[in-house]
Amino acid sequence: MSVRLYGPIRELHTLAGDGAPRRREAMRETGKAENAGIAVSNGRVLDVGSWGTLRRRFADAERVAVDGELVTPGFVDPHTHLVWSGDRSDEFLRRCAGESYQEIAKAGGGIASTMRAVASASVATLAAETLERARLLLRLGTTTIEVKASYGSSVESCKRELDAVARVRRKAEQRVVVTFMGAHVVPPGWSRAKWIRALVDDLLPLVAAHRAKVSFQDAFCEEGAFSVAECRRVLDAGRRIGLVPKLHCDEFSALGGVEMACQLGAASCDHLLVSGKREFAALARSETMAVVMPGTAFFLNKPYARARAMVDTGCALALGSDFNPGSAMTPSMLFAMGLAVSRMGLSAEEALCAATVNAAHALRGAVPQPLGTLSSGAPADFCAWRVASLKELVYGFAFLRPSAVFISGRRVN
Ligand SMILES: [Zn+2]
């Protein structure tokens, strides 16, 4: 058995725990160790502990310098719309000048404009643009990415999007988890009823069998997008053929999607900007992860989700980037952590937990466990940072990047 020993590490946060999603006080336990090391075999963590002990135990192991004083698990981003084409910088400036997201969407912009750009892009172009974004995320320390195929506007363009994702899955350095989101908005040229029928009858069987290996199905439960009943119909149809539900809900209006998603056993409810006590209670009672994405609120200049209250109510909270061209040009998970601390009242420890181990639980069933930790058996995915402490890491959220990124023990950046 060949073993590699990574270290010495001045401050290591392992996030080791009992394998369950973290709630309440458990979110503050980061498994901090000083003057530590990580022993890795076959891309998995074999042991973590004091550098002196590991050096004696694995005296013959190859030693690898980590190139940084602080080591954290690699970030898990459980929510991106990484596959897109086109440019919405003009919309951003219109919004900054006072137009609302919904007004721009009604005028033919928004998600529909990205759908048109995707419809006219080749599979090769879509894959190349998406891979470039995956490389950016790697430089920012994200070692697992959920990728939503979410801008298809016909059976044909949804299929091309998935073809592109399949290429990205093969070529990206990161672990890539795939979600199909045909129920994003009703595409231009379709009636609502016809699109839902096409989704259920034609697209979902194609998606479930596609070589992109789709694990999840997502839907946008929102005024101007889909109702609770429509989302339930589509998600339930997907669930019956093995696609685990996820739901975009409570971004602009609380329609009751959270309760529905929890009943369906969704892996996560995402956004939750306008959720309140009732939704928090439903999430806290369920196994459904609450995914909040402060980069979206920041980018849209909206009030933030009440993450502090969610944690205190017992929700299992995760952070995501929501990286997409319309509402979140905010790809960095460290940036999300910084906003979670400075705008949402989380501690640095809670933010790290939400960006790693809890984020991995939002991708349950589709990632090797215990992903998002550096405990025995976990994939050896980690970032080294040239800062002295977790405090300094969060303090530098607006500009820091890892000095080294490792996936399965291999340095990839
Ligand atoms: Zn989204």
# chains A, B, ... in the order shown; residues from 1 in each chain; ligands from 1

$ residues_near_ligand --ligand "ligand 1" --cutoff "8 Å" --atoms "only C-alpha atoms and all ligand atoms" --output "VMD selection string"
chain A and resid 79 to 81 248 270 to 271 322 to 324

$ residues_around --residues "His210 in chain A" --least-positions-apart "2" --cutoff "9 Å" --atoms "only C-alpha atoms" --output "list in words"
Lys159, Leu162, Asp163, Ala166, Pro205, Leu206, Val207, Ala208, Ala212, Lys213 and Val214 of chain A

$ write_last_selection --atoms "N, CA and C atoms" --output "short mmCIF file (atom, residue, chain, number, x, y, z; two decimals), in the first residue's frame"
data_model
loop_
_atom_site.label_atom_id
_atom_site.label_comp_id
_atom_site.auth_asym_id
_atom_site.auth_seq_id
_atom_site.Cartn_x
_atom_site.Cartn_y
_atom_site.Cartn_z
N LYS A 159 -31.14 18.30 -24.75
CA LYS A 159 -30.26 17.16 -25.00
C LYS A 159 -28.83 17.66 -25.30
N LEU A 162 -27.07 18.57 -22.17
CA LEU A 162 -26.60 17.38 -21.46
C LEU A 162 -25.39 16.76 -22.16
N ASP A 163 -25.37 16.79 -23.49
CA ASP A 163 -24.19 16.30 -24.22
C ASP A 163 -22.96 17.10 -23.80
N ALA A 166 -21.87 16.09 -20.34
CA ALA A 166 -21.17 14.80 -20.34
C ALA A 166 -19.69 15.01 -20.67
N PRO A 205 -37.51 10.77 -19.41
CA PRO A 205 -36.92 9.47 -19.76
C PRO A 205 -35.57 9.60 -20.46
N LEU A 206 -35.46 10.62 -21.34
CA LEU A 206 -34.19 10.86 -22.04
C LEU A 206 -33.09 11.25 -21.03
N VAL A 207 -33.46 12.11 -20.09
CA VAL A 207 -32.51 12.60 -19.08
C VAL A 207 -32.01 11.44 -18.21
N ALA A 208 -32.94 10.62 -17.76
CA ALA A 208 -32.57 9.53 -16.83
C ALA A 208 -31.62 8.54 -17.50
N ALA A 212 -24.65 11.68 -19.43
CA ALA A 212 -24.16 12.71 -18.50
C ALA A 212 -24.36 12.27 -17.04
N LYS A 213 -25.07 11.17 -16.82
CA LYS A 213 -25.32 10.63 -15.48
C LYS A 213 -25.99 11.66 -14.57
N VAL A 214 -27.22 11.96 -14.88
CA VAL A 214 -27.96 12.97 -14.12
C VAL A 214 -28.45 12.35 -12.80
#

$ closest_residue --among "A:Ser375, A:Thr142, A:Thr330, A:Ser227" --to "Ala404 in chain A" --atoms "only C-alpha atoms"
A:Thr142

$ atom_distance --atom1 "CA of Asp87 in chain A" --atom2 "CA of Ser253 in chain A"
26.6 Å
